[in-house]
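Below is one structure; the comments refer to it alone.
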Amino acid sequence: MTAAKTTDYLDMELLRFSTAGSVDDGKSTLIGRLMYDTKTIFEDQLEAVVRSSRQRGDENVNLALLTDGLRAEREQGITIDVAYRYFATPKRKFIIADTPGHIQYTRNMVTGASTANLAIILVDARKGIIEQTCRHSFIANLLNIRHVVLCVNKMDLVDYSEDRFDEIVGEYKEFASRLQIPQMTFIPISALHGDNVVNKSDKTPWYQGPPLLYHLETVYIGSDANHVDARLPVQWVIRPHSAQWHDFRGFAGRVAGGVFKPGDEVTVMPSGFSSRIKAIHTADGELTEAFHPHSVAVTLEDEIDISRGDMLAKPNNLPKVSQDVEAMICWFSEKQKLDPRGQYLLKHTTNEVKARVQEVVYKVNVNTLHKIEDDREIGLNEIGRVRIRTSAPLLHDSYQRNRVTGSFILVDPFTHDTVAAGMIR
Amino acid sequence: MGKRGYTLGGFSIFIMTQSYNVSHLEHLESEAIYVLREVAAQFQNPALLFSGGKDSICVAHLAKKAFWPARPPFPFVHVDTGHNFPETIEYRDKFVADIGANLIVASVQDSIDKGRVREEKGPNASRNALQTVTLLDAISEHGFDCAIGGARRDEEKARAKERFFSHRDDFGQWDPKNQRPELWNLFNGRMHPGEHFRVFPLSNWTEMDVWQYIKKENIPLPTIYFSHEREIVERGGTLLAVTDFITVQEGETPEKRVVRFRTVGDATCTGAVESTADTLEAVIAEVAAARQTERGTRADDKRSETAMEDRKRQGYF
């Protein structure tokens with residue numbers, strides 16, 4: 001595999017994936033191999049890592065040192081939070097959200113998974129499915145990741161046994177039947193020796209599928225975004241105040257779902273007024289259609305009062321409008337637990353409202369997926385189902401249907417910390 | 001191929017229509033525009049840090065696009081070390097005039113004259129670190145609550161965990177262990193009086209992405225990014241341009257070489273690379289084949305393993 005050729009580069013797609021795991025399951029080795037084999041790691045970076053590893057007395061080159069650059073991380077040998085890593089092949093650019101397995105795993109995994117199309121879950125072929133496998137799968141599912149790849153690693157240590165691989169896959173499928181993951185892929189690999197990572201291995205003739213990198217380059221993600229329910233949360237109103245653009249009022253935002261075209265009838269929420277799209281502007285010219293993730297500025301036929309936080313939709317397909325929502329939330333703050341009487345700021349699309357948690361319906365044990373109903377206190381790294389009341393209606397869809405219009409964060413009004421992330425049911 | 005849904009007599013039918021794929025550069029552009037619009041909406045008095053380097057040129061270009069046909073609703077701030085390549089200043093003035101932005105120059109020389117900072121001494125003296133004080137002074141003098149920068153996560157390890165919306169306390173300091181988690185596209189720019197934010201719209205871009213985008217958008221660049229003949233000295237493995245701002249040491253022989261710069265910073269610590277790449281295509285081919293990161297040419301990063309983190313904690317870009 002070579003790095004992207006300059007001529008190919010302009011047509012590449014973007015795939016974002018998450019990885020999670022602990023130090024010894026070979027995750028660093030796998031990422032390092034992907035990056036090294038695609039010529040992403042540079043000479044000076046590698047030299048620095050080799051030097052540091054030697055100084056620390058590590059036996060192998062510790063690739064975590066590539067991104068664990070903070071003083072505290074180097075001193076304590078830990079990864080503090082999500083590390084974003086980048087590599088590219090001629091087909092795709094990849095963004096890895098790499099989350100540590102040992103500390104604050106849930107919070108970091110949720111953060112990393114929130115923007116990912118795909119999750120790689122690593123299993124040690126000797127150990128099989130463990131608690132961490134289940135936890136990562138549950139979070140991938142909760143964050144609505146559509147593509148999960150289970151890499152059964154260290155196949156070299158089980159003599160590349162087809163039986164062992166089948167056994168693990170069977171076990172995983174049984175567990176995953178409780179989740180709703182649309183696409184699951186199983187690949188037997190050895191990250192250390194490179195089997196089925198970039199190239200197909202001759203040690204696993206019984207495996208008919210592609211190597212991991214080929215799968216990452218070709219997995220179809222075109223239908224992951226919602227192209228059905230037209231939604232444009234208004235971010236900013238562009239008013240040039242210039243002679244040439246005197247009456248221009250462009251409603252700027254990033255399309256969150258569906259397709260908008262000039263001439264389309266739109267309803268402005270929450271006011272309910274209707275108009276037609278006059279034009280969809282970008283600095284490069286007008287578009288004949290706009291869809292996620294385009295950032296555009298829309299002008300309308302009629303003069304309607306519209307401001308940040310409003311949403312354009314289609315009259316026959318409006319978002320839900322409610323001050324009461326049920327959501328799964330993940331708690332992020334180590335300083336405070338969820339206060340059932342407390343008031344929070346809720347940020348949702350381009351809107352900001354006050355919010356109170358009315359009821360904790362249940363908590364989830366992220367390792368067993370069991371509901372916990374006798375303890376309803378939600379603290380750091382805990383996930384639970386809650387009912388929330390807001391000071392103004394939220395224009396929303398279920399998270400399952402639209403990641404943008406179905407997600408929110410809770411902010412502490414005094415410290416301004418982001419204390420929780422939520423997915424609307 | 002994309003799927004589009006229609007409802008007919010209670011049945012949902014899907015018709016294969018044209019593709020909804022977008023290229024990675026379109027993705028990155030729309031993300032950066034979204035971030036810039038969030039800045040305009042969430043802050044009272046933001047500013048864009050403009051150095052005349054390729055990354056800040058990209059951000060400025062994106063700002064032009066984000067608010068078109070209006071002008072960017074914030075001024076551009078250049079923290080001027082006084083140790084500039086003249087080509088960069090020429091470029092800066094033309095670029096800013098073309099966009100119609102308001103330019104504020106914050107000068108390190110002024111900070112020195114006012115006694116706010118003391119110039120470093122010795123052969124490797126640099127004004128790089130002094131910029132931090134000038135920058136923080138400019139932020140407080142003009143009451144900026146947000147400074148937009150061109151930093152990318154791929155360029156240096158201390159930046160790899162930086163947020164899009166990065167909080168600074170009322171001393172301008174960054175606390176890497178106490179960063180707010182960032183999920184989806186929800187950015188939390190709330191703060192107490194006296195604090196501010198640094199915002200990095202290019203967080204997810206790589207050096208290659210920036211070059212490709214410059215090519216796609218046909219953005220003009222300062223000439224020092226392209227191959228030219230220049231008098232240089234070699235110091236500690238770095239090729240430094242011979243200018244009025246550096247003192248040639250004993251044992252060093254200035255010589256003419258064909259070079260270009262991969263980053264633009266203070267002339268005293270920005271190293272050149274030997275290169276014959278004199279067009280964008282040639283530069284891109286060189287970047288693709290490079291075996292050294294672009295910051296490998298920055299003497300300021302070689303001071304220690306965590307040099308960048310130490311400067312960032314103090315309030316550096």
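Following the order of the structure tokens, first chain is A, next is B, and so on, with residues numbered from 1 inside each chain and ligands from 1 in the order they appear.
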Sorted by chain and rising residue number, which residues of chain B lie within 6 Å of chain A, and what are their closest atom pairs and distances in Å to one decimal, counting only C-alpha atoms, as a tab-separated table?
```
residue	atom	partner	partner_atom	distance
B:Asn21	CA	A:Gly222	CA	5.9
B:Ser23	CA	A:Glu13	CA	4.7
B:His24	CA	A:Leu14	CA	4.7
B:Ser30	CA	A:Ser295	CA	5.1
B:Lys65	CA	A:Ala283	CA	5.1
B:Trp68	CA	A:Ala283	CA	5.7
B:Ala70	CA	A:Pro240	CA	4.0
B:Lys157	CA	A:Gly69	CA	4.9
B:Ala158	CA	A:Gly69	CA	5.2
B:Lys161	CA	A:Ala83	CA	5.7
B:Arg180	CA	A:Thr418	CA	6.0
B:Leu183	CA	A:Thr111	CA	5.3
B:Trp184	CA	A:Ser114	CA	5.4
B:Arg190	CA	A:His416	CA	5.8
B:Arg291	CA	A:Phe42	CA	5.0
B:Gln292	CA	A:Phe42	CA	5.2
```
According to DSSP computed on the backbone, where in region 102-148 of chain A is there strand (DSSP E or B)? Give the residues as JSON, numbers by chain. {"A": [118, 119, 120, 121, 122, 123, 124, 147, 148]}
Taking only C-alpha atoms into account, name the residue in B:Thr88, B:Ser166, B:Gln131, B:Ser275 that is nearest to Gln109 (chain B).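 Once distances to Gln109 (chain B) are computed over only C-alpha atoms, the minimum belongs to B:Gln131.
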10 Å contact set for region 270-276 of chain A, only C-alpha atoms, chain neighbours under 5 positions out, as number ranges by chain: A: 261-265, 299-306, 309-315, 318-319, 321, 393-395
Interatomic distance, CA of Asp145 (chain B) to CA of Pro46 (chain B) (Å, one decimal): 5.7 Å
For CA of Asn402 (chain A) and CA of Ala327 (chain A), the interatomic separation in Å (one decimal):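 Spanning CA of Asn402 (chain A) to CA of Ala327 (chain A) is a straight-line distance of 13.7 Å.
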Alpha helix (DSSP H) per DSSP on the backbone: members of region 193-282 of chain A, as a ChimeraX atom specification: /A:212-218
Find the spatial neighbours of region 246-259 of chain B, counting only C-alpha atoms, within a cut-off of 6 Å - ignore same-chain residues fewer than 4 positions away - and output them as a VMD selection string. chain B and resid 227 to 233 273 to 275
For CA of Ser56 (chain B) and CA of Gly265 (chain B), quote the distance in Å rounded to one decimal.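 Interatomic distance here is 11.5 Å.
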Polymer residues at most 9 Å from Val210 (chain B), only C-alpha atoms, same-chain spacing of 5 or more positions, as a list in words: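 Neighbouring residues, sequence-local ones excluded: Lys54, Asp55, Cys58, Leu202, Trp205 and Lys215 of chain B.
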Go ahead and save the residues from that selection, with N, CA and C atoms, as a PDB file, in the first residue's frame.
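Generated file (selection26.pdb):
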```
ATOM      1  N   LYS B  54       0.308  29.093   5.467  1.00  0.00           N
ATOM      2  CA  LYS B  54      -0.698  28.455   4.626  1.00  0.00           C
ATOM      3  C   LYS B  54      -1.951  28.031   5.398  1.00  0.00           C
ATOM      4  N   ASP B  55      -1.785  27.611   6.665  1.00  0.00           N
ATOM      5  CA  ASP B  55      -2.948  27.166   7.423  1.00  0.00           C
ATOM      6  C   ASP B  55      -3.871  28.337   7.741  1.00  0.00           C
ATOM      7  N   CYS B  58      -5.732  29.342   4.721  1.00  0.00           N
ATOM      8  CA  CYS B  58      -6.862  28.441   4.500  1.00  0.00           C
ATOM      9  C   CYS B  58      -8.058  28.836   5.358  1.00  0.00           C
ATOM     10  N   LEU B 202      -9.586  23.774  11.417  1.00  0.00           N
ATOM     11  CA  LEU B 202      -8.866  22.776  10.616  1.00  0.00           C
ATOM     12  C   LEU B 202      -8.433  21.567  11.448  1.00  0.00           C
ATOM     13  N   TRP B 205      -7.931  18.343   9.608  1.00  0.00           N
ATOM     14  CA  TRP B 205      -7.198  18.371   8.340  1.00  0.00           C
ATOM     15  C   TRP B 205      -5.767  17.882   8.552  1.00  0.00           C
ATOM     16  N   LYS B 215      -4.924  23.834  -3.699  1.00  0.00           N
ATOM     17  CA  LYS B 215      -4.916  23.583  -5.142  1.00  0.00           C
ATOM     18  C   LYS B 215      -6.344  23.624  -5.703  1.00  0.00           C
TER      19      LYS B 215
END
```
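Comparing B:Glu182, B:Glu281, B:Glu141, B:Asp266 by their smallest distance to Ser51 (chain B), the closest is B:Asp266 (using only C-alpha atoms).
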